[in-house]
Amino acid sequence: MNLKKIIFLCLVSFLKLNAQSVVKSPDGKLAVSVSADNGMPQYSVTFSEKTFIEKSPLGLKTNAGDFSSGLTLKANSIQNKIDESYQLRNIKKSSVHYTANEAIFSFTKDGRPAFDVIFRVSNNDLAFRYKVYPQKETLSCVVQEEVSGFLMPKGTTAFLCPQSNPMTGFAKTAPSYETSYSLDDAVGKNGLGNGYTFPCLFKLNNGWVLISETGVDSGYCASRLIGHENGLYSIGFPMPGENNGNGTTSPGILLPGETPWRTITIGETLAPIVETTIPFDLVKPKYEASKEYQHTKGTWSWIIKMDNNTTFPVQKQYIDFSAAMGYETILVDALWDTQIGRDKIEELAAYGKQKGVGLYLWYNSNGYWNDAPQGPRGLMHNTAIRRKEMAWMKSIGIKGIKVDFFGGDKQVTMKLYEDILTDANEFGIMVIFHGCTLPRGWERMYPNYGSSEAVLASENLHFGQQSCDNEAINAATHTFIRNVVGSMDFGGSALNKFYNSENIPNKGSKRMTSDVFALATSVLFQSGVQHFALAPNNLNDAPDWAIKFMKEVPTIWDEVRFLEGYPGKYVVLARRNGTKWYIAGINAENKLLKIKLKLEMLSSGVTVNCYSDDDQLNGKVNTLMISKNKEIEIKIPKNGGIVITN
């Protein structure tokens, strides 16, 4: 064999071992490089020619084969252009035009197709998923491990929510995505030892990265990020102890079959993070809506009055309160089955109908996975019983349900979420989840999906003063992380000064934030269905301007724009409903926030209402005119807020 032939064969072998392909965003700024380095599939991400994700692993390990090594990348990827438009009323943007470049990279092992990795790359977002092929006669498999990783560059800091231990917390109901975030923390850690819940935000020297997933349904499990040394994070499946130890941690799929999408949003500023619609761009509705569902505002007694007041007289009072506010619903929380009873619930529903106020009813999700004593219990986990219950609800005009205390992220639990939503749609019932996982594209996948908690929400403001002390910090965090990927049922915007039925001092926790802060969070926190933490006494003891605002603020939005902010410190953003803009901001820092804003969305010369706080957090509303250059200076004290409306 001559030297030229030897060199040629060596070059061919090298190219097979180190094949590489690139797919770029429509504007050319975001680029993904995929390779097979010594048989190991990898990818890296650059934005404006700067590295945002270092070379990171791809691949799966299954009981049908190990597809993480010994692989060959086919020379030519299949390239497609994606150009889609859709409307969705209950996310941050009602009309979306999604354009992306798609590339399908095919890997083989021992000469046979192993899997494709499918990348979708839009101007600030990328996503990937796997398509696994049959192996000889094997037409199904269990995915034992997904080796997908995300290697962050040196100097990265992290804004992460650690995953809690399973079967801990109240009545063994954890994990439920309700731990506190670590802010601007060093990489190379692993939370409490269990990794981190999605979404996960990272600050790089040259920008920001948000990592999450979407499209999770009954066909897979939900995942988390596992932290490793040197800034590598990898996909982690559920922990064995979840669901009281029942159910497999490894998802099973038909072959050929696809995994959910792993999503990465990249920006040199936080604007692409806050404004992204990638969780919804990649999914499709799983069924037709049985009716036109209404996304509504409502009240609930539990956040202020707690369990003992889930009674007929109090719930009737809240129906009257919602009617006075112009709201469409109330949420009747836990223990209604024993403290009100079904006959009286029917009476409440009839009374509410007269007032134009519908009912949401609380249910315990429980089967074998929690010890929570609150009822109704034993109804939502069984198909036949659940459907009988929903038929009763439909017969008396119940608008929706709030189902609480789920057991984890295993595939069997994802099936329960889907089964509840699917059955509820047949009976025309909206669904809110609490004590639950993160929604992963569910607003578009399930037409009757309302919202999910999946955050350290308003109940903790009632339970402890520390949560009240940290309310502004948390609010300025959720706006950039949890709430950017899905509806967040926080249940906030309280106007009581104290979290007790009488709104009196020295009883329970004290709210440290201002009334204007409460108004601002009704805009900052996005959820198509809202049950605000207002109370009937607020009609008399809250400022008239605050009540008027809370009567008018919408729950559905047509557009969002990030203006200023930093996670855990402060945030100012704008949301549009129709032609009306709401510019809302809050401050969690121990100093006066003083910034200039360019309000390009408003017309010069227009007069706007401005809700603001003085140094003592006393709120007021006045008017101001937008100047020719559309620039204004705002000041927000610690724990205060600002809202501007045209």
# chains A, B, ... in the order shown; residues from 1 in each chain; ligands from 1
>>> residues_around(residues="Gln339 of chain A", least_positions_apart="4", cutoff="8 Å", atoms="only C-alpha atoms", output="VMD selection string")
chain A and resid 310 to 312 335
>>> write_last_selection(atoms="N, CA, C and O atoms", output="mmCIF file, in the first residue's frame")
data_model
loop_
_atom_site.group_PDB
_atom_site.id
_atom_site.type_symbol
_atom_site.label_atom_id
_atom_site.label_comp_id
_atom_site.auth_asym_id
_atom_site.auth_seq_id
_atom_site.Cartn_x
_atom_site.Cartn_y
_atom_site.Cartn_z
ATOM 1 N N THR A 310 -62.957 27.202 55.505
ATOM 2 C CA THR A 310 -63.577 26.594 54.324
ATOM 3 C C THR A 310 -64.960 26.119 54.758
ATOM 4 O O THR A 310 -65.218 24.923 54.956
ATOM 5 N N THR A 311 -65.828 27.093 54.941
ATOM 6 C CA THR A 311 -67.189 26.851 55.420
ATOM 7 C C THR A 311 -68.179 27.545 54.490
ATOM 8 O O THR A 311 -67.808 28.438 53.716
ATOM 9 N N PHE A 312 -69.421 27.155 54.591
ATOM 10 C CA PHE A 312 -70.446 27.716 53.708
ATOM 11 C C PHE A 312 -70.572 29.236 53.862
ATOM 12 O O PHE A 312 -70.544 29.961 52.852
ATOM 13 N N LEU A 335 -60.838 20.659 52.389
ATOM 14 C CA LEU A 335 -61.776 20.273 53.455
ATOM 15 C C LEU A 335 -63.219 20.679 53.178
ATOM 16 O O LEU A 335 -64.074 20.563 54.061
#
>>> residues_around(residues="Pro41 of chain A", least_positions_apart="3", cutoff="6 Å", atoms="only C-alpha atoms", output="list in words")
Ser35, Ala36 and Leu58 of chain A
>>> write_last_selection(atoms="N, CA, C and O atoms", output="short mmCIF file (atom, residue, chain, number, x, y, z; two decimals), in the first residue's frame")
data_model
loop_
_atom_site.label_atom_id
_atom_site.label_comp_id
_atom_site.auth_asym_id
_atom_site.auth_seq_id
_atom_site.Cartn_x
_atom_site.Cartn_y
_atom_site.Cartn_z
N SER A 35 -20.77 16.90 16.78
CA SER A 35 -19.64 16.08 16.35
C SER A 35 -19.70 14.71 17.00
O SER A 35 -20.46 14.48 17.94
N ALA A 36 -18.87 13.82 16.48
CA ALA A 36 -18.65 12.51 17.11
C ALA A 36 -17.15 12.41 17.36
O ALA A 36 -16.38 12.10 16.45
N LEU A 58 -23.72 14.19 24.33
CA LEU A 58 -25.04 13.79 23.87
C LEU A 58 -25.13 12.28 23.97
O LEU A 58 -24.12 11.59 24.05
#
>>> select_by_dssp(residues="segment 214-410 of chain A", states="strand (DSSP E or B)", output="ChimeraX atom specification")
/A:214,224-227,232-236,252-254,257-258,261-267,297-300,329-332,358-364,400-404
>>> closest_atom_pairs(of="segment 278-343 of chain A", to="segment 405-428 of chain A", cutoff="7 Å", atoms="only C-alpha atoms", output="CSV")
residue,atom,partner,partner_atom,distance
A:Ala289,CA,A:Asn425,CA,6.6
A:Ser290,CA,A:Asn425,CA,6.0
A:Lys291,CA,A:Gly428,CA,6.3
>>> write_last_selection(atoms="N, CA and C atoms", output="PDB file, in the first residue's frame")
ATOM      1  N   ALA A 289     -60.199  21.269  22.441  1.00  0.00           N
ATOM      2  CA  ALA A 289     -60.942  21.778  23.596  1.00  0.00           C
ATOM      3  C   ALA A 289     -62.416  21.430  23.437  1.00  0.00           C
ATOM      4  N   SER A 290     -63.009  20.946  24.520  1.00  0.00           N
ATOM      5  CA  SER A 290     -64.426  20.568  24.464  1.00  0.00           C
ATOM      6  C   SER A 290     -65.340  21.789  24.483  1.00  0.00           C
ATOM      7  N   LYS A 291     -64.778  22.939  24.856  1.00  0.00           N
ATOM      8  CA  LYS A 291     -65.529  24.188  24.846  1.00  0.00           C
ATOM      9  C   LYS A 291     -64.513  25.324  24.845  1.00  0.00           C
TER      10      LYS A 291
END
>>> atom_distance(atom1="atom CA of Trp261 of chain A", atom2="atom CA of Ser212 of chain A")
8.6 Å
>>> closest_residue(among="A:Lys638, A:Arg440, A:Lys355, A:Lys189", to="Gly326 of chain A", atoms="only C-alpha atoms")
A:Lys355
>>> residues_around(residues="Arg511 of chain A", least_positions_apart="2", cutoff="12 Å", atoms="only C-alpha atoms", output="NGL selection string")
:A and (304 or 458 or 460-472 or 492-500 or 503-509 or 513-515 or 517-518 or 617 or 639-640)
>>> residues_around(residues="Ile432 of chain A", least_positions_apart="3", cutoff="8 Å", atoms="only C-alpha atoms", output="PyMOL selection string")
chain A and resi 400-403+449-452+489
>>> closest_residue(among="A:Ile78, A:Ile264, A:Glu137, A:Thr179", to="Ile53 of chain A", atoms="only C-alpha atoms")
A:Ile264
>>> closest_residue(among="A:Cys141, A:Leu592, A:Val34, A:Ile398", to="Leu254 of chain A", atoms="only C-alpha atoms")
A:Cys141
>>> closest_residue(among="A:Pro376, A:Gly252, A:Gly568, A:Gly298", to="Asp404 of chain A", atoms="only C-alpha atoms")
A:Pro376
>>> closest_residue(among="A:Lys551, A:Arg342, A:Ile642, A:Lys620", to="Lys594 of chain A", atoms="only C-alpha atoms")
A:Ile642
>>> closest_atom_pairs(of="segment 225-273 of chain A", to="segment 109-119 of chain A", cutoff="12 Å", atoms="only C-alpha atoms", output="Markdown table")
| residue | atom | partner | partner_atom | distance |
| --- | --- | --- | --- | --- |
| A:Leu255 | CA | A:Phe115 | CA | 10.4 |
| A:Pro256 | CA | A:Phe115 | CA | 9.0 |
| A:Gly257 | CA | A:Phe115 | CA | 9.5 |
| A:Glu258 | CA | A:Asp116 | CA | 9.3 |
| A:Thr259 | CA | A:Val117 | CA | 9.9 |
| A:Pro260 | CA | A:Ile118 | CA | 10.9 |
| A:Trp261 | CA | A:Ile118 | CA | 9.1 |
| A:Arg262 | CA | A:Phe119 | CA | 9.5 |
| A:Thr263 | CA | A:Phe119 | CA | 9.8 |
| A:Ile264 | CA | A:Phe119 | CA | 10.9 |
>>> write_last_selection(atoms="N, CA and C atoms", output="PDB file, in the first residue's frame")
ATOM      1  N   LEU A 255     -40.454   2.142  19.914  1.00  0.00           N
ATOM      2  CA  LEU A 255     -39.437   2.406  18.900  1.00  0.00           C
ATOM      3  C   LEU A 255     -40.045   2.238  17.510  1.00  0.00           C
ATOM      4  N   PRO A 256     -39.815   3.188  16.602  1.00  0.00           N
ATOM      5  CA  PRO A 256     -39.080   4.426  16.861  1.00  0.00           C
ATOM      6  C   PRO A 256     -39.859   5.321  17.815  1.00  0.00           C
ATOM      7  N   GLY A 257     -39.121   6.082  18.601  1.00  0.00           N
ATOM      8  CA  GLY A 257     -39.736   6.956  19.585  1.00  0.00           C
ATOM      9  C   GLY A 257     -38.868   8.159  19.874  1.00  0.00           C
ATOM     10  N   GLU A 258     -39.508   9.211  20.403  1.00  0.00           N
ATOM     11  CA  GLU A 258     -38.808  10.474  20.642  1.00  0.00           C
ATOM     12  C   GLU A 258     -38.850  10.853  22.114  1.00  0.00           C
ATOM     13  N   THR A 259     -37.835  11.537  22.535  1.00  0.00           N
ATOM     14  CA  THR A 259     -37.761  12.064  23.896  1.00  0.00           C
ATOM     15  C   THR A 259     -38.303  13.485  23.920  1.00  0.00           C
ATOM     16  N   PRO A 260     -38.562  14.067  25.105  1.00  0.00           N
ATOM     17  CA  PRO A 260     -38.945  15.477  25.172  1.00  0.00           C
ATOM     18  C   PRO A 260     -37.810  16.382  24.701  1.00  0.00           C
ATOM     19  N   TRP A 261     -38.145  17.647  24.481  1.00  0.00           N
ATOM     20  CA  TRP A 261     -37.172  18.645  24.053  1.00  0.00           C
ATOM     21  C   TRP A 261     -36.391  19.184  25.242  1.00  0.00           C
ATOM     22  N   ARG A 262     -35.079  19.275  25.108  1.00  0.00           N
ATOM     23  CA  ARG A 262     -34.231  20.048  26.015  1.00  0.00           C
ATOM     24  C   ARG A 262     -34.079  21.440  25.405  1.00  0.00           C
ATOM     25  N   THR A 263     -34.372  22.472  26.160  1.00  0.00           N
ATOM     26  CA  THR A 263     -34.371  23.829  25.609  1.00  0.00           C
ATOM     27  C   THR A 263     -33.269  24.679  26.232  1.00  0.00           C
ATOM     28  N   ILE A 264     -32.688  25.533  25.416  1.00  0.00           N
ATOM     29  CA  ILE A 264     -31.650  26.465  25.861  1.00  0.00           C
ATOM     30  C   ILE A 264     -31.977  27.832  25.272  1.00  0.00           C
TER      31      ILE A 264
END
>>> select_by_dssp(residues="segment 207-281 of chain A", states="helix (DSSP H, G or I)", output="ChimeraX atom specification")
/A:229-231,242-245,271-275,278-281
>>> residues_around(residues="Val121 of chain A", least_positions_apart="4", cutoff="8 Å", atoms="only C-alpha atoms", output="ChimeraX atom specification")
/A:23-26,30-32,100-102,125-127
>>> write_last_selection(atoms="N, CA and C atoms", output="PDB file, in the first residue's frame")
ATOM      1  N   VAL A  23     -25.462  23.889  12.602  1.00  0.00           N
ATOM      2  CA  VAL A  23     -26.742  24.478  12.243  1.00  0.00           C
ATOM      3  C   VAL A  23     -26.823  25.830  12.935  1.00  0.00           C
ATOM      4  N   LYS A  24     -27.316  26.834  12.199  1.00  0.00           N
ATOM      5  CA  LYS A  24     -27.367  28.200  12.714  1.00  0.00           C
ATOM      6  C   LYS A  24     -28.803  28.709  12.749  1.00  0.00           C
ATOM      7  N   SER A  25     -28.998  29.746  13.540  1.00  0.00           N
ATOM      8  CA  SER A  25     -30.292  30.413  13.631  1.00  0.00           C
ATOM      9  C   SER A  25     -30.561  31.195  12.350  1.00  0.00           C
ATOM     10  N   PRO A  26     -31.817  31.590  12.101  1.00  0.00           N
ATOM     11  CA  PRO A  26     -32.118  32.364  10.894  1.00  0.00           C
ATOM     12  C   PRO A  26     -31.284  33.635  10.750  1.00  0.00           C
ATOM     13  N   LEU A  30     -26.718  32.545  16.374  1.00  0.00           N
ATOM     14  CA  LEU A  30     -26.680  31.382  17.253  1.00  0.00           C
ATOM     15  C   LEU A  30     -26.298  30.155  16.433  1.00  0.00           C
ATOM     16  N   ALA A  31     -25.231  29.473  16.853  1.00  0.00           N
ATOM     17  CA  ALA A  31     -24.735  28.332  16.087  1.00  0.00           C
ATOM     18  C   ALA A  31     -24.510  27.134  16.991  1.00  0.00           C
ATOM     19  N   VAL A  32     -24.929  25.956  16.507  1.00  0.00           N
ATOM     20  CA  VAL A  32     -24.732  24.698  17.220  1.00  0.00           C
ATOM     21  C   VAL A  32     -23.838  23.803  16.370  1.00  0.00           C
ATOM     22  N   ALA A 100     -37.321  28.916  12.655  1.00  0.00           N
ATOM     23  CA  ALA A 100     -36.118  28.236  13.127  1.00  0.00           C
ATOM     24  C   ALA A 100     -35.544  27.399  11.999  1.00  0.00           C
ATOM     25  N   ASN A 101     -34.279  27.072  12.158  1.00  0.00           N
ATOM     26  CA  ASN A 101     -33.638  26.101  11.283  1.00  0.00           C
ATOM     27  C   ASN A 101     -33.505  24.788  12.035  1.00  0.00           C
ATOM     28  N   GLU A 102     -33.940  23.709  11.387  1.00  0.00           N
ATOM     29  CA  GLU A 102     -33.880  22.384  11.996  1.00  0.00           C
ATOM     30  C   GLU A 102     -32.820  21.546  11.288  1.00  0.00           C
ATOM     31  N   ASP A 125     -33.019  30.934  20.777  1.00  0.00           N
ATOM     32  CA  ASP A 125     -33.377  29.672  21.421  1.00  0.00           C
ATOM     33  C   ASP A 125     -32.885  28.496  20.597  1.00  0.00           C
ATOM     34  N   LEU A 126     -32.520  27.444  21.301  1.00  0.00           N
ATOM     35  CA  LEU A 126     -32.263  26.182  20.620  1.00  0.00           C
ATOM     36  C   LEU A 126     -32.858  25.062  21.461  1.00  0.00           C
ATOM     37  N   ALA A 127     -33.173  23.980  20.801  1.00  0.00           N
ATOM     38  CA  ALA A 127     -33.734  22.825  21.488  1.00  0.00           C
ATOM     39  C   ALA A 127     -33.263  21.570  20.774  1.00  0.00           C
TER      40      ALA A 127
END
>>> residues_around(residues="Phe170 of chain A", least_positions_apart="2", cutoff="10 Å", atoms="only C-alpha atoms", output="number ranges by chain")
A: 167-168, 172-174, 370-372, 405
>>> write_last_selection(atoms="C-alpha atoms", output="tab-separated table (two decimals), in the first residue's frame")
chain	number	residue	atom	x	y	z
A	167	MET	CA	-41.02	11.84	50.70
A	168	THR	CA	-40.07	14.75	52.95
A	172	LYS	CA	-44.32	13.29	52.62
A	173	THR	CA	-45.46	15.45	49.71
A	174	ALA	CA	-41.99	16.55	48.45
A	370	ASN	CA	-48.73	11.04	50.20
A	371	ASP	CA	-50.05	11.13	53.73
A	372	ALA	CA	-51.84	14.47	53.44
A	405	PHE	CA	-49.86	17.03	46.49
